[in-house]
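Shown next: start-v7.csv, containing CSV, C-alpha atoms.
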```
chain,number,residue,atom,x,y,z
A,156,MET,CA,-26.0,-2.8,16.4
A,157,TYR,CA,-22.5,-3.8,15.4
A,158,ASP,CA,-19.5,-3.1,17.5
A,159,CYS,CA,-17.7,-1.8,14.4
A,160,ILE,CA,-18.7,-1.1,10.8
A,161,ILE,CA,-15.8,-1.1,8.4
A,162,VAL,CA,-16.2,0.6,5.1
A,163,GLY,CA,-13.9,-0.9,2.5
A,164,ALA,CA,-12.7,-4.5,2.0
A,165,GLY,CA,-9.1,-3.8,1.0
A,166,PRO,CA,-6.1,-4.9,3.0
A,167,ALA,CA,-6.8,-2.3,5.8
A,168,GLY,CA,-10.5,-3.2,6.2
A,169,GLY,CA,-9.9,-6.9,5.9
A,170,THR,CA,-7.1,-6.8,8.5
A,171,ALA,CA,-9.2,-4.8,11.0
A,172,ALA,CA,-12.2,-7.1,10.5
A,173,TYR,CA,-10.1,-10.2,11.1
A,174,HIS,CA,-8.5,-9.0,14.3
A,175,LEU,CA,-11.7,-7.5,15.8
A,176,SER,CA,-13.7,-10.7,15.0
A,177,LYS,CA,-10.9,-12.7,16.5
A,178,ARG,CA,-11.5,-10.8,19.8
A,179,GLY,CA,-15.2,-11.6,19.7
A,180,ARG,CA,-16.4,-8.2,18.4
A,181,SER,CA,-19.3,-8.0,16.0
A,182,VAL,CA,-18.1,-6.6,12.7
A,183,LEU,CA,-19.8,-5.6,9.5
A,184,VAL,CA,-17.7,-4.9,6.4
A,185,ILE,CA,-19.4,-2.8,3.6
A,186,GLU,CA,-17.8,-2.9,0.2
A,187,LYS,CA,-19.2,-1.1,-2.9
A,188,GLU,CA,-17.8,-3.6,-5.4
A,189,SER,CA,-18.6,-7.3,-5.7
A,190,LEU,CA,-15.8,-9.5,-4.3
A,191,PRO,CA,-13.5,-10.6,-5.5
A,192,ARG,CA,-12.9,-7.3,-7.4
A,193,TYR,CA,-9.9,-6.2,-9.6
A,194,LYS,CA,-7.6,-3.6,-8.2
A,195,PRO,CA,-4.7,-2.1,-10.2
A,196,CYS,CA,-1.6,-2.7,-8.2
A,197,GLY,CA,1.9,-4.1,-8.7
A,198,GLY,CA,1.1,-6.4,-5.9
A,199,GLY,CA,4.4,-6.5,-4.0
A,200,VAL,CA,3.9,-7.5,-0.4
A,201,SER,CA,6.4,-7.6,2.4
A,202,PRO,CA,6.5,-11.1,4.0
A,203,GLN,CA,6.7,-9.2,7.3
A,204,ILE,CA,2.9,-9.1,7.3
A,205,ALA,CA,2.8,-12.8,8.2
A,206,GLU,CA,3.9,-11.8,11.7
A,207,TRP,CA,0.6,-10.0,12.2
A,208,PHE,CA,-1.7,-13.0,11.4
A,209,ASP,CA,-2.1,-16.6,12.5
A,210,PHE,CA,-3.0,-18.1,9.2
A,211,ASP,CA,-1.1,-19.2,6.1
A,212,PHE,CA,-1.1,-16.7,3.2
A,213,SER,CA,0.2,-19.3,0.7
A,214,PRO,CA,-3.2,-19.6,-1.2
A,215,ALA,CA,-3.1,-15.9,-1.8
A,216,ILE,CA,0.5,-15.6,-3.1
A,217,SER,CA,0.9,-15.7,-6.9
A,218,VAL,CA,4.7,-15.6,-7.0
A,219,LYS,CA,7.7,-15.2,-4.6
A,220,ALA,CA,10.5,-13.1,-6.0
A,221,ASP,CA,14.0,-13.4,-4.6
A,222,THR,CA,15.8,-11.3,-7.3
A,223,ILE,CA,15.5,-7.6,-8.3
A,224,ARG,CA,16.8,-6.4,-11.6
A,225,PHE,CA,17.5,-2.7,-11.9
A,226,THR,CA,18.0,-0.7,-15.1
A,227,TRP,CA,18.8,2.8,-16.1
A,228,LYS,CA,17.1,3.8,-19.4
A,229,MET,CA,16.6,0.1,-19.9
A,230,ASP,CA,20.4,-0.5,-19.8
A,231,ASP,CA,23.2,-0.4,-17.2
A,232,VAL,CA,21.7,-3.5,-15.6
A,233,VAL,CA,22.2,-4.4,-11.9
A,234,GLU,CA,20.7,-7.7,-10.9
A,235,VAL,CA,20.9,-9.0,-7.3
A,236,GLU,CA,19.6,-11.9,-5.4
A,237,LEU,CA,18.0,-10.7,-2.1
A,238,GLN,CA,19.7,-12.1,1.0
A,239,THR,CA,16.5,-12.0,3.0
A,240,PRO,CA,14.9,-15.0,4.9
A,241,GLU,CA,11.7,-14.8,2.8
A,242,PRO,CA,11.3,-13.5,-0.8
A,243,VAL,CA,9.0,-10.6,-1.6
A,244,TRP,CA,5.5,-11.8,-2.2
A,245,LEU,CA,3.7,-10.9,-5.4
A,246,VAL,CA,-0.1,-11.1,-5.3
A,247,ARG,CA,-3.1,-10.3,-7.4
A,248,ARG,CA,-5.2,-7.9,-5.4
A,249,ASP,CA,-8.6,-9.5,-6.2
A,250,VAL,CA,-7.4,-12.8,-4.7
A,251,PHE,CA,-5.3,-11.3,-1.9
A,252,ASP,CA,-7.9,-8.9,-0.6
A,253,HIS,CA,-10.7,-11.4,-0.8
A,254,PHE,CA,-8.6,-14.0,1.0
A,255,ILE,CA,-8.2,-11.8,4.1
A,256,ILE,CA,-11.9,-11.0,4.2
A,257,GLN,CA,-12.7,-14.7,3.9
A,258,GLN,CA,-10.5,-15.4,7.0
A,259,ALA,CA,-12.4,-12.7,8.8
A,260,GLN,CA,-15.7,-14.2,7.8
A,261,LYS,CA,-14.7,-17.6,9.3
A,262,LEU,CA,-14.4,-15.7,12.6
A,263,GLY,CA,-17.8,-14.1,12.3
A,264,THR,CA,-17.3,-11.0,10.2
A,265,GLU,CA,-20.4,-10.1,8.1
A,266,LEU,CA,-19.8,-8.9,4.6
A,267,ARG,CA,-22.1,-6.7,2.5
A,268,ASP,CA,-20.4,-6.4,-0.9
A,269,ASN,CA,-21.9,-4.7,-3.9
A,270,THR,CA,-23.2,-2.2,-1.4
A,271,GLU,CA,-22.3,1.5,-1.7
A,272,VAL,CA,-22.5,3.7,1.3
A,273,THR,CA,-24.5,6.8,0.6
A,274,GLY,CA,-24.2,8.7,3.8
A,275,ILE,CA,-23.4,8.5,7.6
A,276,GLU,CA,-24.9,10.2,10.6
A,277,PHE,CA,-23.7,10.2,14.3
A,278,LYS,CA,-26.6,9.4,16.7
A,279,SER,CA,-25.4,10.4,20.2
A,280,ASP,CA,-23.2,7.3,20.8
A,281,TYR,CA,-23.3,5.3,17.6
A,282,TRP,CA,-23.0,5.8,13.8
A,283,GLU,CA,-25.8,5.2,11.4
A,284,VAL,CA,-24.5,4.1,8.0
A,285,ASN,CA,-26.9,4.5,5.0
A,286,THR,CA,-26.5,2.4,1.9
A,287,LYS,CA,-28.4,1.6,-1.2
A,288,ASN,CA,-29.2,-1.8,0.4
A,289,GLY,CA,-30.3,-0.6,3.8
A,290,CYS,CA,-29.3,1.2,7.0
A,291,PHE,CA,-26.9,-0.2,9.5
A,292,GLN,CA,-25.8,0.9,13.0
A,293,GLY,CA,-22.3,0.6,14.6
A,294,ARG,CA,-20.8,1.9,17.7
A,295,TYR,CA,-17.5,2.6,15.8
A,296,ILE,CA,-16.5,3.1,12.2
A,297,ILE,CA,-13.2,2.3,10.4
A,298,ALA,CA,-13.1,4.2,7.1
A,299,ALA,CA,-10.9,2.1,4.8
A,300,ASP,CA,-12.5,3.1,1.5
A,301,GLY,CA,-9.3,4.2,-0.3
A,302,ALA,CA,-7.6,7.3,-1.5
A,303,PHE,CA,-10.7,9.0,-2.8
A,304,GLY,CA,-13.5,7.3,-1.0
A,305,PRO,CA,-16.1,9.7,0.5
A,306,MET,CA,-15.8,8.5,4.1
A,307,ALA,CA,-13.0,10.8,5.2
A,308,LYS,CA,-14.8,13.9,4.0
A,309,TRP,CA,-18.1,12.8,5.6
A,310,LEU,CA,-16.2,12.2,8.9
A,311,GLY,CA,-14.9,15.8,8.8
A,312,PHE,CA,-11.3,15.2,7.6
A,313,LYS,CA,-11.2,18.0,5.1
A,314,ASP,CA,-7.5,18.8,5.2
A,315,ARG,CA,-5.7,15.5,5.3
A,316,LEU,CA,-1.9,15.8,4.9
A,317,ARG,CA,-1.2,13.9,1.7
A,318,ARG,CA,0.9,14.2,-1.4
A,319,LEU,CA,-0.9,13.0,-4.5
A,320,ALA,CA,1.1,10.9,-7.0
A,321,GLY,CA,0.0,9.4,-10.3
A,322,ALA,CA,0.4,5.9,-11.7
A,323,LEU,CA,-0.6,4.0,-14.8
A,324,GLU,CA,-0.6,0.2,-14.8
A,325,ALA,CA,-1.3,-2.5,-17.4
A,326,GLU,CA,-2.0,-6.2,-16.9
A,327,ALA,CA,-0.2,-8.2,-19.5
A,328,PRO,CA,-1.1,-11.9,-19.8
A,329,ALA,CA,2.0,-14.0,-20.8
A,330,ILE,CA,4.0,-17.1,-20.0
A,331,VAL,CA,6.4,-15.8,-17.4
A,332,GLU,CA,9.9,-17.3,-17.7
A,333,ARG,CA,11.5,-15.6,-14.8
A,334,LYS,CA,8.8,-15.6,-12.1
A,335,ASN,CA,11.3,-14.8,-9.3
A,336,VAL,CA,12.5,-11.5,-10.8
A,337,ILE,CA,11.2,-8.0,-10.1
A,338,ASP,CA,12.2,-5.4,-12.7
A,339,LEU,CA,12.6,-1.7,-11.7
A,340,GLU,CA,13.6,0.9,-14.2
A,341,PHE,CA,14.7,4.4,-13.1
A,342,GLY,CA,15.7,6.3,-16.2
A,343,ILE,CA,12.6,6.6,-18.4
A,344,VAL,CA,10.3,8.2,-15.9
A,345,LYS,CA,10.9,11.7,-14.3
A,346,ASN,CA,10.5,11.8,-10.5
A,347,GLY,CA,9.6,8.1,-10.2
A,348,TYR,CA,10.2,4.7,-11.8
A,349,ALA,CA,8.7,2.0,-13.9
A,350,TRP,CA,8.1,-1.6,-12.7
A,351,ASN,CA,7.4,-5.0,-14.0
A,352,PHE,CA,6.1,-7.4,-11.3
A,353,PRO,CA,5.6,-11.0,-12.4
A,354,LYS,CA,2.6,-13.1,-11.6
A,355,ALA,CA,2.0,-16.7,-12.2
A,356,ASP,CA,0.1,-15.9,-15.4
A,357,GLY,CA,1.4,-12.6,-16.6
A,358,TYR,CA,2.9,-9.3,-15.6
A,359,SER,CA,1.8,-6.1,-13.8
A,360,ILE,CA,3.7,-3.3,-15.6
A,361,GLY,CA,3.4,0.3,-14.5
A,362,VAL,CA,5.0,3.7,-14.2
A,363,GLY,CA,4.6,6.2,-11.4
A,364,THR,CA,5.8,9.6,-10.4
A,365,PHE,CA,6.1,10.5,-6.7
A,366,ILE,CA,7.3,14.0,-6.2
A,367,GLY,CA,5.4,16.0,-8.8
A,368,GLY,CA,6.9,18.0,-11.6
A,369,GLN,CA,6.1,18.3,-15.3
A,370,ALA,CA,3.4,16.3,-17.0
A,371,GLN,CA,4.5,13.0,-18.6
A,372,ASN,CA,3.0,10.8,-21.2
A,373,PHE,CA,2.6,7.7,-19.1
A,374,LYS,CA,0.9,5.7,-21.8
A,375,LYS,CA,3.9,6.2,-24.2
A,376,ILE,CA,6.4,5.4,-21.4
A,377,VAL,CA,4.6,2.2,-20.3
A,378,ASP,CA,4.3,1.1,-24.0
A,379,GLU,CA,8.0,1.6,-24.5
A,380,TYR,CA,8.8,-0.2,-21.3
A,381,GLY,CA,6.6,-3.1,-22.3
A,382,LYS,CA,8.5,-3.6,-25.6
A,383,SER,CA,11.7,-4.3,-23.6
A,384,PHE,CA,9.9,-7.5,-22.4
A,385,ASN,CA,8.4,-8.2,-25.9
A,386,LEU,CA,5.0,-7.2,-24.7
A,387,ASN,CA,2.5,-5.2,-26.7
A,388,ILE,CA,1.0,-3.0,-23.9
A,389,SER,CA,-1.3,-1.2,-26.4
A,390,THR,CA,-3.4,-4.4,-26.5
A,391,CYS,CA,-3.7,-4.6,-22.7
A,392,LYS,CA,-6.2,-2.9,-20.5
A,393,GLN,CA,-4.6,0.0,-18.7
A,394,TYR,CA,-5.6,1.6,-15.4
A,395,GLY,CA,-4.6,5.1,-14.3
A,396,HIS,CA,-5.0,5.9,-10.6
A,397,ALA,CA,-3.7,8.3,-8.0
A,398,LEU,CA,-1.8,7.5,-4.9
A,399,CYS,CA,-2.0,9.2,-1.5
A,400,LEU,CA,1.5,9.4,-0.2
A,401,TRP,CA,2.2,10.0,3.5
A,402,ASN,CA,3.0,13.7,3.9
A,403,GLY,CA,3.5,14.3,7.7
A,404,GLU,CA,1.9,13.8,11.1
A,405,GLN,CA,-1.8,14.1,11.1
A,406,THR,CA,-4.9,13.3,13.1
A,407,LEU,CA,-6.5,10.1,12.0
A,408,HIS,CA,-9.4,9.8,14.5
A,409,THR,CA,-12.6,11.6,15.3
A,410,THR,CA,-15.7,10.8,17.3
A,411,ASN,CA,-16.0,7.0,17.4
A,412,ALA,CA,-14.2,6.7,14.1
A,413,VAL,CA,-10.7,6.3,12.5
A,414,LEU,CA,-9.2,6.3,9.1
A,415,ALA,CA,-7.1,3.4,7.8
A,416,GLY,CA,-5.4,2.3,4.6
A,417,GLU,CA,-5.1,4.8,1.8
A,418,ALA,CA,-7.9,6.8,3.3
A,419,ALA,CA,-5.2,7.6,6.0
A,420,CYS,CA,-2.6,8.4,3.3
A,421,VAL,CA,-0.2,5.7,4.4
A,422,VAL,CA,1.5,5.0,1.1
A,423,ASP,CA,5.3,5.0,1.2
A,424,PRO,CA,6.6,8.1,-0.6
A,425,MET,CA,9.8,6.4,-1.8
A,426,THR,CA,8.6,3.1,-3.2
A,427,ALA,CA,4.8,3.7,-3.4
A,428,GLU,CA,4.3,0.5,-1.3
A,429,GLY,CA,0.8,0.5,0.0
A,430,ILE,CA,-0.2,-3.0,1.0
A,431,ARG,CA,2.0,-3.4,4.1
A,432,PRO,CA,1.2,0.1,5.5
A,433,SER,CA,-2.5,-0.4,4.9
A,434,ILE,CA,-2.4,-3.7,6.8
A,435,PHE,CA,-0.4,-2.1,9.6
A,436,SER,CA,-3.0,0.6,9.9
A,437,GLY,CA,-5.8,-1.9,9.9
A,438,LEU,CA,-4.0,-3.9,12.7
A,439,LYS,CA,-3.5,-0.8,14.8
A,440,ALA,CA,-7.1,0.4,14.1
A,441,SER,CA,-8.4,-2.9,15.3
A,442,ASP,CA,-6.4,-2.5,18.5
A,443,ALA,CA,-7.8,1.0,19.1
A,444,ILE,CA,-11.4,0.0,18.4
A,445,ASP,CA,-11.1,-3.0,20.7
A,446,ASP,CA,-9.6,-0.8,23.5
A,447,ALA,CA,-12.4,1.8,23.0
A,448,LEU,CA,-15.1,-0.8,23.2
A,449,SER,CA,-13.4,-1.9,26.5
A,450,GLY,CA,-13.8,1.6,27.9
A,451,ASP,CA,-10.5,3.3,27.1
A,452,ILE,CA,-11.4,6.9,26.3
A,453,ASN,CA,-8.0,7.6,24.9
A,454,ALA,CA,-7.9,4.6,22.5
A,455,LEU,CA,-8.6,6.5,19.3
A,456,GLU,CA,-6.2,9.3,20.0
A,457,ASN,CA,-3.6,6.7,20.8
A,458,TYR,CA,-4.2,5.2,17.3
A,459,SER,CA,-3.3,8.6,15.7
A,460,ASN,CA,-0.2,8.8,17.9
A,461,ILE,CA,0.9,5.2,17.1
A,462,MET,CA,0.5,5.7,13.3
A,463,ASN,CA,2.4,9.0,13.5
A,464,SER,CA,5.2,7.6,15.6
A,465,GLU,CA,5.5,4.0,14.3
A,466,TRP,CA,4.8,4.6,10.6
A,467,GLY,CA,4.9,8.3,10.0
A,468,ALA,CA,8.3,8.9,11.6
A,469,ASP,CA,9.9,6.4,9.2
A,470,MET,CA,8.0,7.9,6.3
A,471,ALA,CA,9.5,11.2,7.0
A,472,TRP,CA,12.9,9.7,6.3
A,473,ALA,CA,11.6,8.0,3.2
A,474,SER,CA,10.3,11.3,2.0
A,475,LYS,CA,13.7,13.0,2.5
A,476,ILE,CA,15.5,10.2,0.6
A,477,ALA,CA,12.8,10.3,-2.2
A,478,SER,CA,13.2,14.0,-2.6
A,479,LEU,CA,16.9,13.7,-3.3
A,480,PHE,CA,16.9,10.4,-5.2
A,481,TYR,CA,14.1,11.3,-7.7
A,482,ARG,CA,15.5,14.8,-8.4
A,483,LEU,CA,18.9,13.3,-9.0
A,484,PRO,CA,18.0,9.9,-10.4
A,485,HIS,CA,21.2,9.2,-12.3
A,486,VAL,CA,23.3,10.2,-9.3
A,487,GLY,CA,21.1,8.1,-7.1
A,488,TYR,CA,21.4,5.2,-9.4
A,489,ASN,CA,25.1,5.3,-9.4
A,490,LEU,CA,25.6,6.0,-5.7
A,491,GLY,CA,22.7,3.8,-4.5
A,492,VAL,CA,21.6,1.1,-6.8
A,493,LYS,CA,25.1,0.4,-8.2
A,494,ARG,CA,26.7,0.4,-4.8
A,495,PRO,CA,27.1,-3.3,-3.7
A,496,SER,CA,25.2,-2.8,-0.5
A,497,GLY,CA,22.4,-0.6,-1.9
A,498,PRO,CA,20.1,-3.1,-3.5
A,499,GLN,CA,20.4,-5.4,-0.5
A,500,LEU,CA,19.5,-2.6,1.8
A,501,MET,CA,16.4,-1.8,-0.3
A,502,GLY,CA,15.5,-5.5,-0.3
A,503,LYS,CA,15.6,-5.5,3.5
A,504,ILE,CA,13.4,-2.4,3.7
A,505,LEU,CA,10.9,-4.0,1.3
A,506,CYS,CA,10.9,-7.2,3.4
A,507,GLY,CA,10.5,-5.3,6.7
A,508,GLN,CA,13.9,-6.2,8.0
A,509,LEU,CA,15.2,-2.6,8.0
A,510,ARG,CA,13.5,0.8,8.3
A,511,TYR,CA,14.4,3.9,6.4
A,512,ARG,CA,15.8,5.5,9.5
A,513,ASP,CA,18.4,2.7,9.6
A,514,VAL,CA,19.9,3.8,6.3
A,515,ALA,CA,18.8,7.4,5.8
A,516,GLY,CA,21.8,9.1,7.3
A,517,ARG,CA,24.2,7.4,4.9
A,518,ALA,CA,21.9,7.8,1.9
A,519,ILE,CA,21.3,11.5,2.5
A,520,LYS,CA,25.0,12.2,3.1
A,521,ARG,CA,25.9,10.7,-0.2
A,522,LEU,CA,23.2,12.5,-2.2
A,523,THR,CA,23.3,15.9,-0.6
A,524,PRO,CA,26.6,17.2,-2.2
A,525,PHE,CA,25.0,16.7,-5.6
A,526,SER,CA,21.7,18.5,-4.8
A,527,GLY,CA,23.0,22.0,-4.6
A,528,SER,CA,21.6,22.4,-1.1
```
Go through the file and emit its structure as structure tokens.
Amino acid sequence: MYDCIIVGAGPAGGTAAYHLSKRGRSVLVIEKESLPRYKPCGGGVSPQIAEWFDFDFSPAISVKADTIRFTWKMDDVVEVELQTPEPVWLVRRDVFDHFIIQQAQKLGTELRDNTEVTGIEFKSDYWEVNTKNGCFQGRYIIAADGAFGPMAKWLGFKDRLRRLAGALEAEAPAIVERKNVIDLEFGIVKNGYAWNFPKADGYSIGVGTFIGGQAQNFKKIVDEYGKSFNLNISTCKQYGHALCLWNGEQTLHTTNAVLAGEAACVVDPMTAEGIRPSIFSGLKASDAIDDALSGDINALENYSNIMNSEWGADMAWASKIASLFYRLPHVGYNLGVKRPSGPQLMGKILCGQLRYRDVAGRAIKRLTPFSGS
């Protein structure tokens, strides 16, 4: 009988496992893939997460980027060096996710990877988790199995508030000359942007759309974008995937269980940042489970409240900015990106120094006259 069974070994699951094990709780992490496993992701991580752990992340960081280069239709370049204490971290998810799990294992977390969960059942005061490799019991469950994992449905979360977005990414091996530069392109994708995140041994190039609209040929767009870096994306493996963007306050707990990570739809609707919010949800989920195990009958409800107030409230502002910016991208580029303070403000948001609510009033005021509303 484990204190907590965590399904999913991504950033949310690994974070929750680490902090629960650190408090002396017995933890089992079940992951359907064999670790380390590939995960399509640009891999941008806010250095703010270092504040939530007591170990050094250096072994899991591929590159640190202190410069962002913006373009409009691959021209009209704006390049800025971020004035933040620590650059943006760029990671490979197979390394990063496994690294966190390894730190949790050092504290006692048990890992069952290459183990797919086939069903769950609540037994009066604990959960029984069935897998292809056996049956396990836990007093509490954290469902951190991603945007389309089955756990949320099995736990009864049939109507999660989420907005689905689409992305296509390619991994391009190459000698990276400017490892400290993130490239963001806003003109060739409708209702979104294209990105090129450098890694020590190549690039993660992708395109995404975040507010819906007409269908787009992502493959053609990412091929075209890759050519601007002298990369032949057609020879690279490509990965299409959906994103679950935060879309309003919601309940993230049920009987002896909570949702965390993309299962909780925590992705930023403006930037599609998912790693930091997933880690934040894993941290708060671990607090809630620990409190529940100590007898706090309101602990899981408090988790939902905290996620809605401390993350969701800011995402409401992010959603408002995104709705205006991506529907008026050229206006947004000229009034936001090309404004001297604009890129620095975005850099501070990405690095956790600012929140959207700190800048939303000014951003919305500038964009609204052009929106027709």
Please, which residues in region 202-313 of chain A fall within 12 Å of region 365-382 of chain A when counting all atoms listed in the file, and what is the closest atom pair and distance in Å to one decimal for each, ordered by chain then residue number, as CSV?
```
residue,atom,partner,partner_atom,distance
A:Thr226,CA,A:Tyr380,CA,11.1
A:Trp227,CA,A:Tyr380,CA,11.7
A:Lys228,CA,A:Tyr380,CA,9.4
A:Met229,CA,A:Tyr380,CA,7.9
A:Asp230,CA,A:Tyr380,CA,11.7
```
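Shell of region 272-276 of chain A at 9 Å, with only C-alpha atoms counted and residues fewer than 4 places along the chain excluded, is A:Val162, A:Ile185, A:Glu186, A:Lys187, A:Tyr281, A:Trp282, A:Glu283, A:Val284, A:Asn285, A:Thr286, A:Lys287, A:Asn288, A:Pro305, A:Met306, A:Trp309, A:Leu310.
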Atoms to include: C-alpha atoms. Write the selected residues as a compact mmCIF listing (two decimals), keeping the file's coordinate frame.
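Okay, this is what ended up in selection05.txt:
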```txt
# COMPACT_ATOMS: atom_id res chain seq x y z
CA VAL A 162 -16.20 0.60 5.10
CA ILE A 185 -19.40 -2.80 3.60
CA GLU A 186 -17.80 -2.90 0.20
CA LYS A 187 -19.20 -1.10 -2.90
CA TYR A 281 -23.30 5.30 17.60
CA TRP A 282 -23.00 5.80 13.80
CA GLU A 283 -25.80 5.20 11.40
CA VAL A 284 -24.50 4.10 8.00
CA ASN A 285 -26.90 4.50 5.00
CA THR A 286 -26.50 2.40 1.90
CA LYS A 287 -28.40 1.60 -1.20
CA ASN A 288 -29.20 -1.80 0.40
CA PRO A 305 -16.10 9.70 0.50
CA MET A 306 -15.80 8.50 4.10
CA TRP A 309 -18.10 12.80 5.60
CA LEU A 310 -16.20 12.20 8.90
```
Select from region 160-199 of chain A every residue with an atom at most 8 Å from any atom of region 315-339 of chain A, then for each give the shortest pair of atoms and their distance in Å to one decimal, using all atoms listed in the file, rows by chain and rising number, as CSV.
```
residue,atom,partner,partner_atom,distance
A:Pro195,CA,A:Glu324,CA,6.6
A:Cys196,CA,A:Glu324,CA,7.3
A:Gly197,CA,A:Glu324,CA,7.9
```
query = Hey, what's within 12 Å of Gly198 (chain A) if we count all atoms listed in the file and toss same-chain stuff fewer than 4 positions away? As a count of residues only, please?
reply = 36
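Note that the spacing between CA of Val182 (chain A) and CA of Gly263 (chain A) amounts to 7.5 Å.
CA of Leu237 (chain A) lies 29.6 Å from CA of His396 (chain A).
Nearest residue to Lys308 (chain A) among A:Ala473, A:Ile160, A:Asp423, A:Thr409 is A:Thr409, counting all atoms listed in the file.
The shortest atom-to-atom distance to Arg178 (chain A), with all atoms listed in the file taken into account, belongs to A:Asp442 out of A:Glu417, A:Asp442, A:Asp300, A:Glu265.
Between His174 (chain A) and the residues A:Leu483, A:Leu414, A:Ile256, A:Val235, the shortest atom-to-atom distance, using all atoms listed in the file, involves A:Ile256.
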message = Counting only C-alpha atoms, which residue out of A:Val362, A:Met462, A:Ala515, A:Ala167 sits closest to Lys345 (chain A)?
response = A:Val362
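Relative to CA of Asp445 (chain A), CA of Cys399 (chain A) is found at 26.9 Å.
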query = Which polymer residues have any atom within 10 Å of an atom of Leu438 (chain A), counting only C-alpha atoms, with same-chain residues fewer than 6 positions away left out, as a PyMOL selection string?
reply = chain A and resi 166-175+207-208+415+432
Using only C-alpha atoms, please write the residues we just selected to a file, as a tab-separated table (two decimals), keeping the file's coordinate frame.
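Once everything was written out, this is again.tsv:
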```tsv
chain	number	residue	atom	x	y	z
A	166	PRO	CA	-6.10	-4.90	3.00
A	167	ALA	CA	-6.80	-2.30	5.80
A	168	GLY	CA	-10.50	-3.20	6.20
A	169	GLY	CA	-9.90	-6.90	5.90
A	170	THR	CA	-7.10	-6.80	8.50
A	171	ALA	CA	-9.20	-4.80	11.00
A	172	ALA	CA	-12.20	-7.10	10.50
A	173	TYR	CA	-10.10	-10.20	11.10
A	174	HIS	CA	-8.50	-9.00	14.30
A	175	LEU	CA	-11.70	-7.50	15.80
A	207	TRP	CA	0.60	-10.00	12.20
A	208	PHE	CA	-1.70	-13.00	11.40
A	415	ALA	CA	-7.10	3.40	7.80
A	432	PRO	CA	1.20	0.10	5.50
```
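With distances restricted to all atoms listed in the file, A:Phe341 is the closest residue to Val233 (chain A) from A:Phe341, A:Trp466, A:Tyr511, A:Phe212.
In this comparison, which uses only C-alpha atoms, the residue of A:Ser433, A:Asn460, A:Thr426, A:Thr270 approaching Gly347 (chain A) most closely is A:Thr426.
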query = Got a sec: who's within 7 Å of Ala477 (chain A), counting all atoms listed in the file, leaving out chain neighbours fewer than 3 positions off, as a PyMOL selection string?
reply = chain A and resi 424-425+473-474+480-481
